[in-house]
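Containing mmCIF, C-alpha atoms: coords-v8.cif.
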```cif
data_input
#
loop_
_atom_site.label_atom_id
_atom_site.label_comp_id
_atom_site.auth_asym_id
_atom_site.auth_seq_id
_atom_site.Cartn_x
_atom_site.Cartn_y
_atom_site.Cartn_z
CA MET R 1 0.00 0.00 0.00
CA ASN R 2 1.61 3.26 -1.01
CA ILE R 3 1.17 6.62 0.61
CA ILE R 4 -1.59 7.84 -1.75
CA MET R 5 -3.66 4.74 -1.04
CA LEU R 6 -3.12 5.30 2.68
CA LEU R 7 -4.29 8.89 2.42
CA VAL R 8 -7.39 7.92 0.44
CA TRP R 9 -8.15 5.20 2.97
CA ILE R 10 -7.73 7.69 5.83
CA LEU R 11 -10.02 10.19 4.15
CA ILE R 12 -12.74 7.59 3.58
CA LEU R 13 -12.37 6.26 7.11
CA PHE R 14 -12.57 9.75 8.52
CA ALA R 15 -15.60 10.76 6.47
CA VAL R 16 -17.48 7.58 7.31
CA VAL R 17 -16.69 7.80 11.02
CA MET R 18 -17.64 11.47 11.22
CA LEU R 19 -20.95 10.72 9.51
CA HIS R 20 -21.58 7.93 11.99
CA VAL R 21 -20.66 10.19 14.89
CA ALA R 22 -23.06 12.87 13.66
CA TYR R 23 -25.88 10.40 13.24
CA ALA R 24 -25.09 8.65 16.51
CA THR R 25 -26.16 11.87 18.23
CA TYR R 26 -29.39 11.86 16.21
CA PHE R 27 -29.91 8.17 16.96
CA GLU R 28 -29.42 8.86 20.67
CA ARG R 29 -31.82 11.78 20.81
CA LYS R 30 -34.45 9.95 18.79
CA ILE R 31 -34.26 6.75 20.86
CA ILE R 32 -34.24 8.53 24.19
CA GLY R 33 -37.11 10.65 22.94
CA HIS R 34 -39.22 7.64 22.05
CA MET R 35 -38.31 5.85 25.28
CA GLN R 36 -39.63 8.84 27.17
CA VAL R 37 -42.75 9.01 24.97
CA ARG R 38 -41.55 12.09 23.10
CA VAL R 39 -40.75 12.30 19.42
CA GLY R 40 -37.21 13.70 19.59
CA PRO R 41 -35.91 16.08 16.89
CA MET R 42 -38.59 16.60 14.20
CA ARG R 43 -38.14 20.06 12.67
CA VAL R 44 -34.93 20.07 10.62
CA GLY R 45 -35.55 17.84 7.61
CA TRP R 46 -37.83 14.82 7.43
CA HIS R 47 -38.22 13.54 11.01
CA GLY R 48 -35.30 15.75 12.01
CA LEU R 49 -32.83 13.90 9.80
CA LEU R 50 -30.78 17.02 9.09
CA GLN R 51 -30.52 17.93 12.77
CA PRO R 52 -26.88 16.75 13.27
CA ILE R 53 -25.77 18.82 10.27
CA ALA R 54 -27.59 21.87 11.58
CA ASP R 55 -25.93 21.34 14.97
CA GLY R 56 -22.52 21.09 13.34
CA VAL R 57 -23.01 24.27 11.34
CA LYS R 58 -24.35 26.05 14.39
CA SER R 59 -21.30 25.27 16.51
CA PHE R 60 -19.15 26.93 13.84
CA PHE R 61 -20.90 30.23 14.47
CA LYS R 62 -20.82 30.13 18.24
CA GLU R 63 -18.52 32.40 20.17
CA ASP R 64 -15.34 30.81 21.46
CA ILE R 65 -14.93 31.96 25.04
CA ILE R 66 -11.60 31.47 26.79
CA PRO R 67 -11.86 32.33 30.49
CA GLU R 68 -9.38 34.97 31.55
CA ASN R 69 -7.85 32.85 34.30
CA ALA R 70 -7.48 29.80 32.11
CA ASP R 71 -4.10 28.36 31.28
CA LYS R 72 -4.41 29.26 27.63
CA PRO R 73 -2.11 26.84 25.74
CA THR R 74 -3.37 23.86 27.72
CA PHE R 75 -6.96 25.03 27.46
CA LEU R 76 -6.64 25.23 23.68
CA ALA R 77 -4.82 21.92 23.30
CA ALA R 78 -7.04 19.75 25.53
CA PRO R 79 -9.95 19.11 23.12
CA ILE R 80 -7.54 18.34 20.30
CA ILE R 81 -5.64 15.84 22.47
CA CYS R 82 -8.93 14.07 23.15
CA LEU R 83 -9.98 13.99 19.52
CA VAL R 84 -6.60 12.90 18.15
CA ALA R 85 -6.21 10.10 20.67
CA MET R 86 -9.66 8.74 19.90
CA MET R 87 -9.27 9.07 16.16
CA THR R 88 -5.88 7.37 16.12
CA SER R 89 -7.36 4.27 17.75
CA LEU R 90 -9.55 3.87 14.66
CA ALA R 91 -6.43 2.93 12.70
CA VAL R 92 -6.13 -0.57 14.12
CA LEU R 93 -9.78 -1.63 13.96
CA PRO R 94 -10.52 -4.28 11.33
CA PHE R 95 -13.97 -3.54 9.89
CA ALA R 96 -13.88 -6.63 7.69
CA LYS R 97 -11.24 -9.05 6.48
CA GLY R 98 -8.40 -6.85 5.25
CA TRP R 99 -10.35 -3.63 5.87
CA VAL R 100 -7.88 -2.21 8.32
CA LEU R 101 -5.55 0.76 8.07
CA ALA R 102 -2.75 -0.63 10.24
CA ASP R 103 -2.75 -4.35 10.90
CA ILE R 104 -0.29 -4.22 13.80
CA ASP R 105 0.52 -7.06 16.20
CA ILE R 106 -0.10 -5.00 19.33
CA GLY R 107 -3.53 -3.77 18.26
CA LEU R 108 -5.29 -4.22 21.57
CA LEU R 109 -2.41 -2.65 23.51
CA PHE R 110 -2.46 0.28 21.11
CA ILE R 111 -6.16 0.84 21.82
CA PHE R 112 -5.44 0.90 25.55
CA ALA R 113 -2.60 3.35 25.08
CA MET R 114 -4.77 5.69 23.03
CA SER R 115 -7.74 5.58 25.39
CA SER R 116 -5.38 6.46 28.26
CA LEU R 117 -4.06 9.39 26.27
CA ALA R 118 -7.59 10.61 25.68
CA SER R 119 -8.11 10.85 29.43
CA TYR R 120 -5.16 13.28 29.48
CA GLY R 121 -7.27 15.61 27.39
CA VAL R 122 -10.06 15.48 29.94
CA VAL R 123 -7.78 15.99 32.94
CA LEU R 124 -5.92 18.86 31.28
CA ALA R 125 -9.20 20.50 30.29
CA GLY R 126 -10.37 20.31 33.89
CA TRP R 127 -7.15 21.71 35.23
CA ALA R 128 -6.61 24.43 32.63
CA SER R 129 -10.11 25.91 32.84
CA ASN R 130 -9.34 27.18 36.33
CA SER R 131 -12.92 26.73 37.44
CA LYS R 132 -14.09 24.67 40.39
CA TYR R 133 -16.56 22.57 38.47
CA SER R 134 -14.08 21.77 35.74
CA PHE R 135 -11.40 20.93 38.25
CA LEU R 136 -13.62 18.51 40.16
CA GLY R 137 -14.85 16.99 36.91
CA GLY R 138 -11.30 16.43 35.68
CA LEU R 139 -10.24 14.92 39.00
CA ARG R 140 -13.18 12.54 39.13
CA SER R 141 -12.75 11.57 35.54
CA MET R 142 -9.10 10.69 36.08
CA ALA R 143 -9.78 8.50 39.12
CA GLN R 144 -12.68 6.80 37.36
CA VAL R 145 -10.86 6.14 34.12
CA ILE R 146 -7.74 4.71 35.73
CA SER R 147 -9.80 2.51 38.06
CA TYR R 148 -11.83 1.00 35.27
CA GLU R 149 -8.89 0.75 32.93
CA ILE R 150 -7.49 -1.94 35.19
CA SER R 151 -10.62 -4.06 35.13
CA MET R 152 -10.93 -3.53 31.39
CA GLY R 153 -7.32 -4.51 30.78
CA LEU R 154 -7.66 -7.59 32.98
CA SER R 155 -10.97 -8.67 31.44
CA LEU R 156 -9.40 -8.76 27.99
CA VAL R 157 -6.57 -11.05 29.16
CA GLY R 158 -9.11 -13.89 28.87
CA VAL R 159 -9.58 -13.08 25.19
CA MET R 160 -5.82 -12.92 24.68
CA LEU R 161 -5.43 -16.32 26.34
CA MET R 162 -7.98 -17.87 24.00
CA ALA R 163 -6.83 -16.15 20.82
CA GLY R 164 -3.10 -16.18 21.58
CA SER R 165 -2.66 -12.79 19.97
CA LEU R 166 -3.09 -9.06 20.44
CA ASN R 167 -3.68 -8.52 16.76
CA LEU R 168 -7.36 -7.67 16.31
CA THR R 169 -7.69 -9.45 12.96
CA GLN R 170 -6.24 -12.61 14.45
CA ILE R 171 -8.54 -12.34 17.46
CA VAL R 172 -11.55 -12.30 15.15
CA GLU R 173 -10.24 -15.23 13.13
CA ALA R 174 -9.46 -17.26 16.26
CA GLN R 175 -13.10 -17.06 17.31
CA GLY R 176 -14.21 -19.08 14.29
CA ASP R 177 -14.27 -22.45 16.03
CA SER R 178 -15.88 -21.46 19.34
CA PHE R 179 -19.60 -21.51 20.09
CA LEU R 180 -21.55 -19.39 17.56
CA GLY R 181 -18.20 -18.09 16.32
CA MET R 182 -18.02 -15.75 19.30
CA TYR R 183 -16.14 -15.56 22.59
CA LEU R 184 -19.32 -14.38 24.27
CA MET R 185 -20.14 -17.73 25.89
CA PRO R 186 -16.67 -18.98 26.95
CA GLN R 187 -15.76 -15.47 28.11
CA CYS R 188 -19.07 -14.48 29.68
CA ILE R 189 -17.46 -13.26 32.94
CA GLY R 190 -14.89 -11.32 30.97
CA PHE R 191 -17.59 -9.82 28.79
CA PHE R 192 -19.61 -8.74 31.81
CA VAL R 193 -16.58 -6.99 33.32
CA PHE R 194 -15.62 -5.50 29.97
CA PHE R 195 -19.09 -4.16 29.30
CA ILE R 196 -19.35 -2.35 32.63
CA SER R 197 -15.81 -0.99 32.31
CA MET R 198 -16.63 0.16 28.80
CA LEU R 199 -19.49 2.29 30.10
CA ALA R 200 -17.23 3.77 32.77
CA GLU R 201 -14.34 4.40 30.37
CA THR R 202 -16.52 6.35 27.98
CA ASN R 203 -18.08 8.35 30.86
CA ARG R 204 -21.55 7.15 29.94
CA VAL R 205 -24.59 6.82 32.18
CA PRO R 206 -24.70 5.31 34.82
CA PHE R 207 -21.06 6.33 35.30
CA ASP R 208 -21.20 9.86 33.91
CA LEU R 209 -19.92 11.39 37.14
CA PRO R 210 -17.22 13.51 35.48
CA GLU R 211 -20.00 15.51 33.83
CA ALA R 212 -22.78 14.97 36.34
CA GLU R 213 -24.90 17.96 35.36
CA THR R 214 -26.89 18.06 38.58
CA GLU R 215 -23.81 18.64 40.71
CA LEU R 216 -20.94 19.73 38.48
CA VAL R 217 -22.78 21.74 35.79
CA SER R 218 -20.96 20.03 32.94
CA GLY R 219 -17.80 18.79 34.63
CA TYR R 220 -14.54 19.24 32.77
CA SER R 221 -16.22 20.92 29.79
CA THR R 222 -18.02 23.62 31.80
CA GLU R 223 -15.85 26.43 30.46
CA TYR R 224 -15.79 25.22 26.88
CA SER R 225 -18.06 26.66 24.24
CA GLY R 226 -18.74 26.53 20.53
CA MET R 227 -16.52 24.40 18.33
CA ARG R 228 -14.19 23.45 21.17
CA TYR R 229 -17.08 21.91 23.05
CA ALA R 230 -18.20 20.18 19.86
CA ILE R 231 -14.74 18.63 19.52
CA PHE R 232 -15.04 17.14 23.02
CA PHE R 233 -18.40 15.81 22.01
CA MET R 234 -17.02 14.24 18.84
CA ALA R 235 -14.18 12.66 20.80
CA GLU R 236 -16.68 11.16 23.24
CA TYR R 237 -18.76 9.64 20.47
CA ILE R 238 -15.74 8.33 18.59
CA GLY R 239 -14.69 6.80 21.92
CA MET R 240 -18.06 5.08 22.19
CA MET R 241 -17.70 3.75 18.65
CA VAL R 242 -14.17 2.49 19.35
CA MET R 243 -15.24 0.74 22.54
CA ALA R 244 -18.27 -0.79 20.80
CA SER R 245 -15.94 -1.99 18.03
CA ILE R 246 -13.55 -3.54 20.54
CA ALA R 247 -16.45 -5.34 22.22
CA THR R 248 -17.60 -6.56 18.80
CA ILE R 249 -14.14 -7.70 17.80
CA CYS R 250 -13.19 -9.39 21.05
CA TYR R 251 -16.47 -10.95 22.11
CA LEU R 252 -18.97 -11.01 19.23
CA GLY R 253 -16.80 -12.38 16.45
CA GLY R 254 -16.17 -9.14 14.55
CA TRP R 255 -17.27 -9.18 10.93
CA ASN R 256 -18.28 -12.86 10.97
CA GLY R 257 -21.98 -13.55 10.82
CA PRO R 258 -24.43 -16.36 10.16
CA PHE R 259 -24.08 -15.80 6.40
CA GLU R 260 -21.89 -13.79 4.07
CA VAL R 261 -23.15 -10.46 2.79
CA ALA R 262 -21.53 -10.34 -0.61
CA LEU R 263 -21.53 -6.67 -1.50
CA PHE R 264 -20.77 -5.19 1.89
CA PRO R 265 -18.29 -7.24 3.98
CA PRO R 266 -18.49 -5.12 7.16
CA PHE R 267 -22.28 -5.62 7.34
CA TRP R 268 -22.23 -7.75 10.50
CA PHE R 269 -19.56 -5.58 12.08
CA VAL R 270 -21.64 -2.43 11.64
CA LEU R 271 -24.76 -4.22 12.87
CA LYS R 272 -23.02 -5.40 16.05
CA VAL R 273 -21.46 -1.99 16.70
CA TYR R 274 -24.90 -0.44 16.42
CA LEU R 275 -26.26 -3.06 18.78
CA PHE R 276 -23.76 -1.80 21.35
CA MET R 277 -24.55 1.82 20.57
CA PHE R 278 -28.21 1.02 21.16
CA LEU R 279 -27.31 -0.61 24.48
CA PHE R 280 -25.35 2.51 25.49
CA ILE R 281 -28.42 4.62 24.79
CA TRP R 282 -30.90 2.20 26.29
CA ILE R 283 -28.89 2.16 29.53
CA ARG R 284 -28.77 5.94 29.50
CA ALA R 285 -32.55 6.11 29.19
CA THR R 286 -33.09 3.53 31.95
CA LEU R 287 -30.59 3.83 34.77
CA PRO R 288 -29.95 6.60 37.30
CA ARG R 289 -26.41 7.77 38.03
CA TYR R 290 -24.14 5.97 40.48
CA ARG R 291 -22.77 7.69 43.56
CA TYR R 292 -19.01 8.18 43.50
CA ASP R 293 -18.22 5.79 46.35
CA GLN R 294 -20.46 3.14 44.77
CA LEU R 295 -18.60 3.60 41.52
CA MET R 296 -15.23 3.07 43.19
CA ASP R 297 -16.53 0.09 45.16
CA LEU R 298 -17.89 -1.55 42.04
CA GLY R 299 -14.63 -1.09 40.14
CA TRP R 300 -12.16 -2.09 42.84
CA LYS R 301 -14.09 -4.60 44.91
CA LEU R 302 -16.17 -6.44 42.34
CA LEU R 303 -14.82 -6.07 38.82
CA ILE R 304 -11.11 -6.54 39.53
CA PRO R 305 -11.54 -9.79 41.55
CA LEU R 306 -13.98 -11.04 38.90
CA ALA R 307 -11.54 -10.25 36.11
CA LEU R 308 -8.70 -12.01 37.98
CA ALA R 309 -10.92 -15.04 38.58
CA ASN R 310 -11.76 -15.06 34.89
CA ILE R 311 -8.06 -15.12 34.00
CA VAL R 312 -7.37 -18.04 36.35
CA LEU R 313 -10.42 -19.98 35.15
CA THR R 314 -9.63 -19.43 31.47
CA ALA R 315 -5.99 -20.41 31.98
CA CYS R 316 -6.98 -23.60 33.84
CA PHE R 317 -9.50 -24.58 31.16
CA ARG R 318 -6.94 -23.99 28.44
CA ALA R 319 -4.43 -26.13 30.32
CA ILE R 320 -6.95 -28.98 30.73
CA LEU R 321 -8.12 -28.84 27.12
CA ALA R 322 -4.64 -28.59 25.64
CA MET H 1 11.88 5.08 6.75
CA GLU H 2 13.12 1.51 6.42
CA ALA H 3 13.10 1.01 10.17
CA LEU H 4 9.47 2.07 10.37
CA PRO H 5 7.13 -0.81 9.48
CA LYS H 6 4.65 0.40 6.91
CA GLU H 7 1.67 -0.34 9.14
CA TYR H 8 2.83 2.36 11.53
CA LEU H 9 3.00 4.85 8.69
CA GLY H 10 -0.81 4.65 8.48
CA ILE H 11 -1.12 5.36 12.19
CA LEU H 12 1.27 8.29 11.91
CA LEU H 13 -0.66 9.73 8.96
CA LEU H 14 -3.98 9.34 10.79
CA LEU H 15 -2.48 11.09 13.81
CA ILE H 16 -1.27 14.01 11.70
CA PHE H 17 -4.63 14.10 9.95
CA GLY H 18 -6.42 14.23 13.31
CA VAL H 19 -4.28 17.13 14.54
CA LEU H 20 -4.82 19.00 11.28
CA PHE H 21 -8.57 18.43 11.43
CA GLY H 22 -8.78 19.71 15.01
CA VAL H 23 -6.64 22.78 14.38
CA LEU H 24 -8.24 23.62 11.04
CA THR H 25 -11.85 23.41 12.21
CA LEU H 26 -11.01 25.78 15.02
CA LEU H 27 -9.11 28.12 12.70
CA VAL H 28 -11.78 28.15 9.98
CA GLY H 29 -14.46 28.77 12.58
CA ARG H 30 -12.62 31.94 13.56
CA PHE H 31 -13.78 33.64 10.34
CA PHE H 32 -17.45 32.94 11.03
CA ARG H 33 -17.95 33.26 14.71
CA LEU H 34 -18.60 36.28 16.85
CA SER H 35 -16.13 37.52 19.38
CA ARG H 36 -17.57 40.01 21.84
CA PRO H 37 -15.94 39.20 25.14
CA TYR H 38 -16.62 41.29 28.22
CA LYS H 39 -15.58 40.85 31.80
CA GLU H 40 -18.56 38.87 33.10
CA LYS H 41 -18.33 36.45 30.20
CA LEU H 42 -14.68 35.71 30.86
CA VAL H 43 -15.06 34.95 34.54
CA ALA H 44 -15.05 31.27 35.48
CA TYR H 45 -18.58 29.94 35.89
CA GLU H 46 -19.74 29.70 39.47
CA SER H 47 -23.53 29.83 39.35
CA GLY H 48 -23.48 33.52 38.45
CA ASN H 49 -21.53 34.64 41.49
CA GLU H 50 -18.02 35.99 41.58
CA PRO H 51 -15.61 33.06 42.12
CA THR H 52 -14.88 32.95 45.82
CA GLU H 53 -11.47 31.33 46.12
CA ALA H 54 -8.74 29.74 44.03
CA PRO H 55 -10.37 26.92 42.05
CA ARG H 56 -7.40 24.57 42.23
CA MET H 57 -8.17 23.76 45.82
CA ARG H 58 -6.82 21.01 48.00
CA PHE H 59 -8.41 17.70 47.18
CA SER H 60 -8.81 14.42 48.95
CA VAL H 61 -5.77 12.21 49.46
CA LYS H 62 -7.89 9.28 48.29
CA PHE H 63 -7.23 10.28 44.70
CA TYR H 64 -3.50 9.78 45.31
CA LEU H 65 -4.08 6.35 46.83
CA ILE H 66 -6.12 5.34 43.80
CA ALA H 67 -3.33 6.58 41.54
CA ILE H 68 -0.72 4.53 43.42
CA LEU H 69 -2.87 1.41 43.33
CA PHE H 70 -3.42 1.98 39.64
CA VAL H 71 0.32 1.84 38.99
CA VAL H 72 0.60 -1.48 40.85
CA PHE H 73 -2.28 -3.13 39.04
CA ASP H 74 -1.53 -1.71 35.64
CA VAL H 75 2.04 -2.99 35.74
CA GLU H 76 0.59 -6.35 36.68
CA ALA H 77 -1.75 -6.25 33.69
CA ILE H 78 1.20 -5.45 31.43
CA TYR H 79 3.02 -8.54 32.75
CA LEU H 80 -0.04 -10.65 32.05
CA TYR H 81 -0.31 -9.67 28.38
CA PRO H 82 2.84 -11.37 27.03
CA TRP H 83 2.07 -14.37 29.21
CA ALA H 84 -1.48 -14.61 27.84
CA VAL H 85 -0.36 -14.26 24.23
CA SER H 86 2.21 -17.06 24.40
CA TYR H 87 0.35 -19.23 26.91
CA ASP H 88 -0.30 -22.15 24.55
CA ARG H 89 3.40 -22.46 23.79
CA LEU H 90 4.61 -22.31 27.39
CA GLY H 91 2.71 -25.23 28.90
CA LEU H 92 1.94 -26.08 32.50
CA PHE H 93 4.96 -24.25 33.90
CA ALA H 94 3.48 -20.92 32.78
CA LEU H 95 0.18 -21.70 34.48
CA VAL H 96 1.82 -22.46 37.84
CA GLU H 97 4.06 -19.43 37.58
CA MET H 98 1.17 -17.13 36.82
CA LEU H 99 -0.95 -18.57 39.60
CA LEU H 100 1.90 -17.75 41.98
CA PHE H 101 2.12 -14.24 40.56
CA ILE H 102 -1.62 -13.64 40.94
CA ALA H 103 -1.57 -15.15 44.45
CA LEU H 104 1.19 -12.74 45.50
CA LEU H 105 -0.76 -9.88 44.03
CA LEU H 106 -3.89 -10.98 45.85
CA VAL H 107 -2.02 -10.75 49.14
CA GLY H 108 -1.28 -7.12 48.40
CA TYR H 109 -4.85 -6.57 47.26
CA VAL H 110 -6.31 -8.03 50.45
CA TYR H 111 -3.87 -5.92 52.49
CA ALA H 112 -4.98 -2.75 50.70
CA TRP H 113 -8.62 -3.72 51.21
CA LYS H 114 -8.12 -4.38 54.93
CA LYS H 115 -6.24 -1.10 55.30
CA GLY H 116 -9.32 0.64 53.92
CA VAL H 117 -7.70 2.06 50.79
CA LEU H 118 -10.53 0.75 48.65
CA GLN H 119 -13.14 2.16 51.00
CA TRP H 120 -14.09 5.48 49.46
CA GLU H 121 -16.28 6.67 52.33
CA LYS H 122 -15.31 5.78 55.86
#
```
Write out the structure in this file as structure tokens.
Amino acid sequence: MNIIMLLVWILILFAVVMLHVAYATYFERKIIGHMQVRVGPMRVGWHGLLQPIADGVKSFFKEDIIPENADKPTFLAAPIICLVAMMTSLAVLPFAKGWVLADIDIGLLFIFAMSSLASYGVVLAGWASNSKYSFLGGLRSMAQVISYEISMGLSLVGVMLMAGSLNLTQIVEAQGDSFLGMYLMPQCIGFFVFFISMLAETNRVPFDLPEAETELVSGYSTEYSGMRYAIFFMAEYIGMMVMASIATICYLGGWNGPFEVALFPPFWFVLKVYLFMFLFIWIRATLPRYRYDQLMDLGWKLLIPLALANIVLTACFRAILA
Amino acid sequence: MEALPKEYLGILLLLIFGVLFGVLTLLVGRFFRLSRPYKEKLVAYESGNEPTEAPRMRFSVKFYLIAILFVVFDVEAIYLYPWAVSYDRLGLFALVEMLLFIALLLVGYVYAWKKGVLQWEK
């Protein structure tokens, strides 16, 4: 693959992902609307279909306020750090066989590295804004993300044990001979831990404490406005997509499905990712927010022991079967 | 460029592309958006009041404890990855060794639990 091909591939990837991010917001508002017996956005376009585009255009015209006490360089860089870290993790995701920008052997590790970097953006935003709400939001976010990163990292060790690789393409291919072509059944404990950690890592309800609007206004993004705020928003949704993709790849068999879809190989992949996106939204519409001490208890006292037990169990089973 | 595997070139390009996208959208927006700052707008938000004290206040030591524990457990997770990847090739010896490693770690974990580090509210 030469450099032109790479650039074209990046452009397509970027355009497709941005379109999905835009419509994920529409999807979320529509679903939550209907779950609460409302109709959601209806005015802009047929059934509000042009709403995300209108929102995007609107944020271009909004004033960009930088608080006078803010640490300016850090304040300006924080949203971009978030966005870049999230976008770079897209590079290693295989959407179908061979549909991957960078088929590297440390794929899963790379995703972890990038999602940790994204939390830098959040912490720096909280610190640089020089506002109490932002500061508390950044602090909480950091403690939450690092706590759940451990359980997430440990839950995926089970998948690595079974697949014998960190390469995401190989993980998908290794799932071929297990039940239903997925690791969902043999790794059900791991999946449970991963799913909860995934919600916490992406700061989604019921773990949206970093931006708990009833107590912290908007958390780390309180002082951000206009396009800068929109960039945080994009990063959050790309993060959701990346996490949903990782769940699909590691536990639901990636692009493999009950039958081949000839014209569009990533069909099953997209379907499964949207299943997870729907779950994200469904949970948001259903559950109240956790309290901070409950959040920490859940992460440290339940998920980490469960993940460790899953590793030991998987290793023992592998040793017996081998 | 020979030392750089070509897969990583894609990652590097995507990274550069991401930075450019972020910077350019903010720069382009500058030509469209308003800018009419005044004093009240630039003050940090505090429910409409004047900010009362320095916002970077002292915070609970519990956050430090969590950070220290994170380092311990994350290093452990990093040790588990290479083990997990080559598990099938290493045989029973690897299993016993890792069980010992996890057992040792559990001792530390139970100690931290008993000391109340994991207890957020006392």
Distance criterion (all atoms listed in the file): nearest to R:Lys272 out of R:Ile80, R:Ile249, R:Val312, R:Ile106: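 Closest to R:Lys272, using all atoms listed in the file: R:Ile249.
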Contact residues (chain H, partner chain R, 8 Å, all atoms listed in the file) as a VMD selection string: chain H and resid 7 to 8 10 to 11 13 to 15 18 to 19 22 to 23 25 to 26 29 32 to 37 41 to 46 55 to 56 63 66 to 67 70 73 to 74 77 80 to 81 84 to 88 91 to 92 95 99 102 118 to 121
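Our summary of the geometry notes that atom CA of H:Tyr111 is positioned 21.1 Å from atom CA of H:Tyr79.
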Proximity to R:Phe267 - best of R:Ala96, R:Ala22, R:Val145, R:Ala78, all atoms listed in the file: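 Checking each of R:Ala96, R:Ala22, R:Val145, R:Ala78 against R:Phe267, counting all atoms listed in the file, the winner is R:Ala96.
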Point-to-point distance from atom CA of H:Thr52 to atom CA of R:Glu211, Å rounded to tenths: 21.8 Å
Reference answer for the PyMOL selection byres ((chain R and resi 182-188) around 10), as a PyMOL selection string: chain R and resi 155-156+158-159+162-163+171-181+189-194+247-254+256-257+310-311+313-314
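Atom CA of H:Leu69 to atom CA of R:Ser221 spans 27.2 Å [interatomic distance, one decimal].
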Of the listed residues R:Val44, R:Ile238, R:Val205, R:Ala125, that which approaches R:Leu19 most closely, counting all atoms listed in the file: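 Residue with the minimum atom-to-atom distance to R:Leu19: R:Ile238.
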Any chance you could work out the axis-aligned box around stretch 38-53 of chain H, listed atoms only, 4 Å on each side, giving centre and edge lengths in Å to one decimal, as JSON?
```
{"center_x": -17.5, "center_y": 35.5, "center_z": 37.2, "size_x": 20.1, "size_y": 19.6, "size_z": 25.9}
```
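Protein and nucleic acid residues near (-31.2, 4.3, 31.0) are Glu28, Ile31, Ile32, Gly33, Met35, Gln36, Leu199, Arg204, Val205, Pro206, Phe207, Asp208, Phe278, Leu279, Phe280, Ile281, Trp282, Ile283, Arg284, Ala285, Thr286, Leu287, Pro288, Arg289 and Tyr290 of chain R, the criterion being any atom at most 12 Å away using all atoms listed in the file.
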Closest of R:Leu50, R:Ser245, R:Met277, R:Ser141 to R:Ile111 - atom-to-atom distances counting all atoms listed in the file: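 Smallest separation from R:Ile111 among the options: R:Ser245.
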Missing atoms of stretch 306-317 of chain R rebuilt to N, CA and C atoms, written as a JSON list (two decimals), keeping the file's coordinate frame:
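Wrote it out as out-v1.json, contents follow:
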```
[["chain", "number", "residue", "atom", "x", "y", "z"],
["R", 306, "LEU", "N", -13.32, -10.23, 39.93],
["R", 306, "LEU", "CA", -13.98, -11.04, 38.90],
["R", 306, "LEU", "C", -13.07, -11.24, 37.69],
["R", 307, "ALA", "N", -12.41, -10.15, 37.28],
["R", 307, "ALA", "CA", -11.54, -10.25, 36.11],
["R", 307, "ALA", "C", -10.37, -11.19, 36.40],
["R", 308, "LEU", "N", -9.82, -11.11, 37.62],
["R", 308, "LEU", "CA", -8.70, -12.01, 37.98],
["R", 308, "LEU", "C", -9.17, -13.45, 37.99],
["R", 309, "ALA", "N", -10.38, -13.69, 38.55],
["R", 309, "ALA", "CA", -10.92, -15.04, 38.58],
["R", 309, "ALA", "C", -11.12, -15.55, 37.16],
["R", 310, "ASN", "N", -11.56, -14.67, 36.28],
["R", 310, "ASN", "CA", -11.76, -15.06, 34.89],
["R", 310, "ASN", "C", -10.45, -15.49, 34.24],
["R", 311, "ILE", "N", -9.37, -14.75, 34.57],
["R", 311, "ILE", "CA", -8.06, -15.12, 34.00],
["R", 311, "ILE", "C", -7.66, -16.51, 34.47],
["R", 312, "VAL", "N", -7.79, -16.75, 35.79],
["R", 312, "VAL", "CA", -7.37, -18.04, 36.35],
["R", 312, "VAL", "C", -8.21, -19.16, 35.75],
["R", 313, "LEU", "N", -9.53, -18.96, 35.69],
["R", 313, "LEU", "CA", -10.42, -19.98, 35.15],
["R", 313, "LEU", "C", -10.08, -20.30, 33.70],
["R", 314, "THR", "N", -9.92, -19.22, 32.89],
["R", 314, "THR", "CA", -9.63, -19.43, 31.47],
["R", 314, "THR", "C", -8.31, -20.18, 31.31],
["R", 315, "ALA", "N", -7.30, -19.76, 32.09],
["R", 315, "ALA", "CA", -5.99, -20.41, 31.98],
["R", 315, "ALA", "C", -6.09, -21.88, 32.35],
["R", 316, "CYS", "N", -6.84, -22.20, 33.41],
["R", 316, "CYS", "CA", -6.98, -23.60, 33.84],
["R", 316, "CYS", "C", -7.68, -24.41, 32.76],
["R", 317, "PHE", "N", -8.76, -23.86, 32.21],
["R", 317, "PHE", "CA", -9.50, -24.58, 31.16],
["R", 317, "PHE", "C", -8.61, -24.84, 29.96]]
```
